[in-house]
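Presented below is the structure to which this report refers.
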Amino acid sequence: IVCGGVCVVLVISLDQAWKQVHELAMLDTLTGLSNRRDFMPAAQRELDLALRHQQPLALVVLDVDHFKSINDALGHLGGDEVLRGFARVAQENVRAGDIFGRYGGEEFLLIFPATSLLPALNTCERIRAQVEAHPWTGLLKSRVSVSIGVTQYIPGESVLEFFSRSDTAMYMAKEGGRNQVVVQEPVAK
């Protein structure tokens, strides 16, 4: 590139460019977390590892309660800030090896590798309590809460079946009054 008589050469390898494009495609731009495109293959990899090493695996669906009302009250920029804040609070409570991502909208997913149901439940309850207690700033007039569904992998089920059970548990939390964690016990096939 020639600018004012000074020549600057930008060299970027095709590998570097591809890596940057791949990272952008796999990250949720709002929260910086894994996105749905990245999360589902990661879930399959963790499921395969759990089977291979005969270890437990827990999957969690987290949904910010009454998010439409938050967006209506604060506008989309305010709603975006709530989603970023929620992601920070939740991420502070997971281990480095756990996989936390945004599935879409106000719904998030969490994989606990090599983790049985009780420790996963305890972490989910801690996330729920800390979201509820978080000092949300700005024009938000009410507390933010989250409904959480958690389950443990059953050998032989697909990623979609595993996800569906966690999602069902989350909807049970919503139907049961929100701001709670619901466990769907694994039942062998």
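Letters A, B, ... mark the chains of the structure tokens in the order given; residue numbers begin at 1 per chain; ligand numbers begin at 1, in order shown.
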| field | DSSP-assigned strand (DSSP E or B) members of chain A, reported as number ranges by chain | value | A: 2-3, 6-7, 27, 34, 57-64, 99-104, 107-113, 146-152, 181-184
| field | Residues near Ile99 in chain A, cut-off 12 Å, only C-alpha atoms, skip fewer than 4 positions along chain, as a ChimeraX atom specification | value | /A:33-36,38-46,57-61,90-91,93-95,103,108-114
Just the selected residues (C-alpha atoms), exported as a short mmCIF file (atom, residue, chain, number, x, y, z; two decimals), in the first residue's frame, please.
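Writing done, so here's result_17.cif:
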```cif
data_model
loop_
_atom_site.label_atom_id
_atom_site.label_comp_id
_atom_site.auth_asym_id
_atom_site.auth_seq_id
_atom_site.Cartn_x
_atom_site.Cartn_y
_atom_site.Cartn_z
CA LEU A 33 -18.93 -16.68 24.08
CA SER A 34 -19.14 -19.65 21.75
CA ASN A 35 -22.14 -19.42 19.47
CA ARG A 36 -24.58 -22.11 18.39
CA ASP A 38 -19.47 -23.70 17.65
CA PHE A 39 -21.37 -25.15 20.58
CA MET A 40 -23.17 -28.08 18.95
CA PRO A 41 -20.01 -29.71 17.52
CA ALA A 42 -18.34 -29.13 20.91
CA ALA A 43 -21.25 -30.93 22.56
CA GLN A 44 -20.79 -33.87 20.21
CA ARG A 45 -17.04 -33.99 20.96
CA GLU A 46 -17.70 -33.96 24.71
CA LEU A 57 -21.45 -35.38 31.28
CA ALA A 58 -24.00 -32.72 32.23
CA LEU A 59 -25.76 -30.29 29.91
CA VAL A 60 -27.54 -27.12 30.98
CA VAL A 61 -29.95 -24.75 29.23
CA ALA A 90 -22.46 -17.06 34.74
CA GLN A 91 -18.95 -17.37 33.31
CA ASN A 93 -19.00 -19.57 38.11
CA VAL A 94 -17.79 -22.15 35.62
CA ARG A 95 -14.46 -23.92 35.35
CA TYR A 103 -27.51 -20.56 21.81
CA PHE A 108 -27.43 -20.04 26.80
CA LEU A 109 -25.95 -23.53 26.98
CA LEU A 110 -23.39 -24.99 29.35
CA ILE A 111 -21.55 -28.31 29.18
CA PHE A 112 -19.92 -29.74 32.27
CA PRO A 113 -17.40 -32.38 31.08
CA ALA A 114 -16.62 -35.23 33.48
#
```
Could you list, with a cut-off of 9 Å and counting only C-alpha atoms, the residues of range 87-188 of chain A near range 25-32 of chain A, each shown with its nearest atom pair and the distance in Å rounded to one decimal, rows sorted by chain and ascending number, as JSON lines?
```
{"residue": "A:Ala87", "atom": "CA", "partner": "A:Thr31", "partner_atom": "CA", "distance": 6.6}
{"residue": "A:Arg88", "atom": "CA", "partner": "A:Thr31", "partner_atom": "CA", "distance": 8.3}
{"residue": "A:Gly101", "atom": "CA", "partner": "A:Asp28", "partner_atom": "CA", "distance": 8.0}
{"residue": "A:Arg102", "atom": "CA", "partner": "A:Asp28", "partner_atom": "CA", "distance": 6.8}
{"residue": "A:Tyr103", "atom": "CA", "partner": "A:Asp28", "partner_atom": "CA", "distance": 9.0}
{"residue": "A:Gly104", "atom": "CA", "partner": "A:Asp28", "partner_atom": "CA", "distance": 8.9}
```
Requested write-out: C-alpha atoms of the selected residues, as an mmCIF file, in the first residue's frame:
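Everything below was put into out30.cif:
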```cif
data_model
loop_
_atom_site.group_PDB
_atom_site.id
_atom_site.type_symbol
_atom_site.label_atom_id
_atom_site.label_comp_id
_atom_site.auth_asym_id
_atom_site.auth_seq_id
_atom_site.Cartn_x
_atom_site.Cartn_y
_atom_site.Cartn_z
ATOM 1 C CA ALA A 87 -22.854 -13.934 30.572
ATOM 2 C CA ARG A 88 -20.170 -12.422 32.847
ATOM 3 C CA GLY A 101 -22.070 -20.480 24.936
ATOM 4 C CA ARG A 102 -24.986 -18.460 23.680
ATOM 5 C CA TYR A 103 -27.510 -20.558 21.811
ATOM 6 C CA GLY A 104 -29.514 -17.588 20.606
#
```
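Nearest to Arg128 in chain A of all the residues A:Thr115, A:Gln152, A:Ser147, A:Ser69 is A:Ser147, counting only C-alpha atoms.
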| query | Near range 155-166 of chain A, counting only C-alpha atoms, which residues have an atom at most 9 Å away, once you skip same-chain residues fewer than 2 positions from it, shown as number ranges by chain? | reply | A: 40, 43-44, 47, 50-51, 59-61, 148-153, 168-171, 182-184, 186, 188-189
| field | Shell of 12 Å around Asp80 in chain A, only C-alpha atoms, local chain residues under 6 positions omitted, as a list in words | value |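 Here the qualifying residues turn out to be Thr29, Leu30, Thr31, Val64, Phe67, Lys68, Ile70, Asn71, Asp72, Leu74, Phe86, Ala87, Gly105 and Glu106 of chain A.
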Next, write the just-selected residues to a file, as a tab-separated table (two decimals), in the first residue's frame, keeping all heavy atoms as the atom set.
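Output below, filename out03.tsv:
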```tsv
chain	number	residue	atom	x	y	z
A	29	THR	N	-20.89	-12.36	18.84
A	29	THR	CA	-20.28	-11.04	18.87
A	29	THR	C	-20.73	-10.20	20.07
A	29	THR	O	-19.98	-9.34	20.52
A	29	THR	CB	-20.57	-10.26	17.57
A	29	THR	OG1	-21.98	-10.19	17.38
A	29	THR	CG2	-19.91	-10.93	16.38
A	30	LEU	N	-21.91	-10.45	20.61
A	30	LEU	CA	-22.40	-9.67	21.73
A	30	LEU	C	-21.71	-10.04	23.04
A	30	LEU	O	-21.30	-9.18	23.81
A	30	LEU	CB	-23.92	-9.85	21.87
A	30	LEU	CG	-24.57	-9.09	23.02
A	30	LEU	CD1	-24.49	-7.59	22.76
A	30	LEU	CD2	-26.02	-9.52	23.17
A	31	THR	N	-21.57	-11.35	23.29
A	31	THR	CA	-21.05	-11.80	24.59
A	31	THR	C	-19.61	-12.29	24.54
A	31	THR	O	-18.99	-12.44	25.59
A	31	THR	CB	-21.92	-12.96	25.13
A	31	THR	OG1	-21.85	-14.06	24.20
A	31	THR	CG2	-23.37	-12.52	25.31
A	64	VAL	N	-32.78	-16.35	30.29
A	64	VAL	CA	-33.05	-15.15	31.07
A	64	VAL	C	-34.56	-14.94	31.11
A	64	VAL	O	-35.21	-14.87	30.06
A	64	VAL	CB	-32.33	-13.92	30.49
A	64	VAL	CG1	-32.67	-12.67	31.28
A	64	VAL	CG2	-30.81	-14.16	30.46
A	67	PHE	N	-37.27	-11.75	29.32
A	67	PHE	CA	-36.34	-10.93	28.57
A	67	PHE	C	-37.04	-9.94	27.64
A	67	PHE	O	-36.57	-8.82	27.44
A	67	PHE	CB	-35.33	-11.78	27.78
A	67	PHE	CG	-34.25	-10.95	27.18
A	67	PHE	CD1	-33.29	-10.36	27.98
A	67	PHE	CD2	-34.22	-10.71	25.83
A	67	PHE	CE1	-32.31	-9.55	27.45
A	67	PHE	CE2	-33.23	-9.90	25.27
A	67	PHE	CZ	-32.28	-9.32	26.09
A	68	LYS	N	-38.18	-10.30	27.10
A	68	LYS	CA	-38.92	-9.37	26.24
A	68	LYS	C	-39.29	-8.11	27.03
A	68	LYS	O	-39.16	-6.99	26.52
A	68	LYS	CB	-40.17	-10.03	25.66
A	68	LYS	CG	-40.91	-9.09	24.70
A	68	LYS	CD	-42.16	-9.71	24.15
A	68	LYS	CE	-42.92	-8.84	23.20
A	68	LYS	NZ	-42.89	-7.41	23.39
A	70	ILE	N	-37.64	-6.91	29.57
A	70	ILE	CA	-36.39	-6.17	29.76
A	70	ILE	C	-36.09	-5.34	28.52
A	70	ILE	O	-35.77	-4.16	28.61
A	70	ILE	CB	-35.23	-7.13	30.09
A	70	ILE	CG1	-35.44	-7.77	31.46
A	70	ILE	CG2	-33.88	-6.41	30.03
A	70	ILE	CD1	-34.50	-8.92	31.79
A	71	ASN	N	-36.19	-5.97	27.36
A	71	ASN	CA	-35.96	-5.26	26.09
A	71	ASN	C	-36.95	-4.11	25.91
A	71	ASN	O	-36.59	-3.03	25.46
A	71	ASN	CB	-36.06	-6.22	24.92
A	71	ASN	CG	-34.72	-6.56	24.32
A	71	ASN	OD1	-33.70	-5.99	24.65
A	71	ASN	ND2	-34.72	-7.52	23.42
A	72	ASP	N	-38.22	-4.36	26.25
A	72	ASP	CA	-39.24	-3.32	26.11
A	72	ASP	C	-38.94	-2.15	27.04
A	72	ASP	O	-39.14	-0.99	26.66
A	72	ASP	CB	-40.64	-3.88	26.41
A	72	ASP	CG	-41.14	-4.83	25.33
A	72	ASP	OD1	-40.52	-4.88	24.23
A	72	ASP	OD2	-42.13	-5.54	25.59
A	74	LEU	N	-35.90	-1.32	28.49
A	74	LEU	CA	-34.57	-0.71	28.33
A	74	LEU	C	-34.19	-0.44	26.89
A	74	LEU	O	-33.18	0.23	26.65
A	74	LEU	CB	-33.50	-1.62	28.95
A	74	LEU	CG	-33.63	-1.97	30.42
A	74	LEU	CD1	-32.49	-2.87	30.85
A	74	LEU	CD2	-33.67	-0.71	31.27
A	86	PHE	N	-25.25	-10.90	32.26
A	86	PHE	CA	-25.59	-12.28	32.62
A	86	PHE	C	-24.46	-13.23	32.25
A	86	PHE	O	-24.07	-14.09	33.03
A	86	PHE	CB	-26.89	-12.72	31.94
A	86	PHE	CG	-27.09	-14.20	32.01
A	86	PHE	CD1	-27.49	-14.81	33.18
A	86	PHE	CD2	-26.81	-15.01	30.91
A	86	PHE	CE1	-27.63	-16.18	33.27
A	86	PHE	CE2	-26.94	-16.38	30.98
A	86	PHE	CZ	-27.36	-16.97	32.17
A	87	ALA	N	-23.94	-13.06	31.04
A	87	ALA	CA	-22.85	-13.93	30.57
A	87	ALA	C	-21.64	-13.82	31.49
A	87	ALA	O	-21.01	-14.83	31.82
A	87	ALA	CB	-22.47	-13.59	29.13
A	105	GLY	N	-30.70	-15.55	21.12
A	105	GLY	CA	-31.56	-14.69	21.93
A	105	GLY	C	-31.06	-14.62	23.35
A	105	GLY	O	-29.91	-14.27	23.60
A	106	GLU	N	-31.94	-14.96	24.30
A	106	GLU	CA	-31.58	-14.94	25.72
A	106	GLU	C	-31.31	-16.33	26.27
A	106	GLU	O	-31.33	-16.55	27.47
A	106	GLU	CB	-32.68	-14.24	26.53
A	106	GLU	CG	-33.97	-15.01	26.66
A	106	GLU	CD	-34.94	-14.86	25.48
A	106	GLU	OE1	-34.57	-14.31	24.42
A	106	GLU	OE2	-36.08	-15.33	25.62
```
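The smallest atom-to-atom distance between Asp48 in chain A and any of A:Ser142, A:Ala120, A:Leu77, A:Ile154, using only C-alpha atoms, is found for A:Ile154.
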| query | If you run DSSP on this backbone, which residues of range 52-136 of chain A come out as alpha helix (DSSP H), and could you give them as a VMD selection string? | reply | chain A and resid 52 to 53 67 to 91 117 to 133
| query | Of the candidates A:Val187, A:Leu83, A:Ala73, A:Leu117, which one gets nearest to Val131 in chain A if we count only C-alpha atoms? | reply | A:Leu83
| With only C-alpha atoms as the atoms that count, which of A:Leu118, A:Met172, A:Ile127, A:Val181 lies nearest to Pro56 in chain A? |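 Going through A:Leu118, A:Met172, A:Ile127, A:Val181 one by one, the smallest distance to Pro56 in chain A is for A:Leu118.
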| query | Quick one: residues within 10 Å of Ala129 in chain A, only C-alpha atoms counted, chain neighbours fewer than 4 positions away excluded, as number ranges by chain? | reply | A: 123-125, 133-134, 145-146, 179-180
File of the preceding selection, N, CA, C and O atoms, as a PDB file, in the first residue's frame:
```pdb
ATOM      1  N   THR A 123     -23.574 -25.901  40.809  1.00  0.00           N
ATOM      2  CA  THR A 123     -23.062 -24.759  40.055  1.00  0.00           C
ATOM      3  C   THR A 123     -24.214 -23.961  39.451  1.00  0.00           C
ATOM      4  O   THR A 123     -24.209 -22.725  39.478  1.00  0.00           O
ATOM      5  N   CYS A 124     -25.203 -24.648  38.927  1.00  0.00           N
ATOM      6  CA  CYS A 124     -26.364 -23.962  38.340  1.00  0.00           C
ATOM      7  C   CYS A 124     -27.111 -23.151  39.392  1.00  0.00           C
ATOM      8  O   CYS A 124     -27.535 -22.015  39.124  1.00  0.00           O
ATOM      9  N   GLU A 125     -27.262 -23.705  40.568  1.00  0.00           N
ATOM     10  CA  GLU A 125     -27.941 -22.980  41.643  1.00  0.00           C
ATOM     11  C   GLU A 125     -27.130 -21.745  42.052  1.00  0.00           C
ATOM     12  O   GLU A 125     -27.696 -20.683  42.315  1.00  0.00           O
ATOM     13  N   ALA A 133     -29.017 -11.869  42.628  1.00  0.00           N
ATOM     14  CA  ALA A 133     -28.442 -10.913  43.576  1.00  0.00           C
ATOM     15  C   ALA A 133     -27.582  -9.838  42.914  1.00  0.00           C
ATOM     16  O   ALA A 133     -27.209  -8.862  43.568  1.00  0.00           O
ATOM     17  N   HIS A 134     -27.290  -9.995  41.630  1.00  0.00           N
ATOM     18  CA  HIS A 134     -26.397  -9.057  40.945  1.00  0.00           C
ATOM     19  C   HIS A 134     -26.971  -7.636  40.982  1.00  0.00           C
ATOM     20  O   HIS A 134     -28.160  -7.446  40.754  1.00  0.00           O
ATOM     21  N   SER A 145     -33.616 -12.526  36.585  1.00  0.00           N
ATOM     22  CA  SER A 145     -33.560 -13.903  37.052  1.00  0.00           C
ATOM     23  C   SER A 145     -33.385 -14.821  35.846  1.00  0.00           C
ATOM     24  O   SER A 145     -33.506 -14.403  34.695  1.00  0.00           O
ATOM     25  N   VAL A 146     -33.109 -16.078  36.146  1.00  0.00           N
ATOM     26  CA  VAL A 146     -32.837 -17.047  35.083  1.00  0.00           C
ATOM     27  C   VAL A 146     -33.500 -18.377  35.439  1.00  0.00           C
ATOM     28  O   VAL A 146     -33.545 -18.772  36.605  1.00  0.00           O
ATOM     29  N   ASN A 179     -37.011 -18.421  37.737  1.00  0.00           N
ATOM     30  CA  ASN A 179     -35.979 -18.195  38.744  1.00  0.00           C
ATOM     31  C   ASN A 179     -35.709 -19.458  39.568  1.00  0.00           C
ATOM     32  O   ASN A 179     -35.672 -19.427  40.796  1.00  0.00           O
ATOM     33  N   GLN A 180     -35.507 -20.553  38.857  1.00  0.00           N
ATOM     34  CA  GLN A 180     -35.218 -21.809  39.540  1.00  0.00           C
ATOM     35  C   GLN A 180     -34.451 -22.749  38.624  1.00  0.00           C
ATOM     36  O   GLN A 180     -34.370 -22.523  37.420  1.00  0.00           O
TER      37      GLN A 180
END
```
| query | Counting only C-alpha atoms, which of A:Phe100, A:His66, A:Glu107, A:Leu49 gets nearest to Asp167 in chain A? | reply |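 Among the listed residues, the smallest separation from Asp167 in chain A belongs to A:Glu107.
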| Gap from CA of Asp65 in chain A to CA of Leu121 in chain A - Å, one decimal |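 CA of Leu121 in chain A lies at a distance of 18.6 Å from CA of Asp65 in chain A.
Between CA of Gly138 in chain A and CA of Gly75 in chain A there is a distance of 11.8 Å.
Nearest-residue note for Trp136 in chain A: choosing from A:Val82, A:Ala96, A:Ser116, A:Asn122, the minimum distance belongs to A:Val82, counting only C-alpha atoms.
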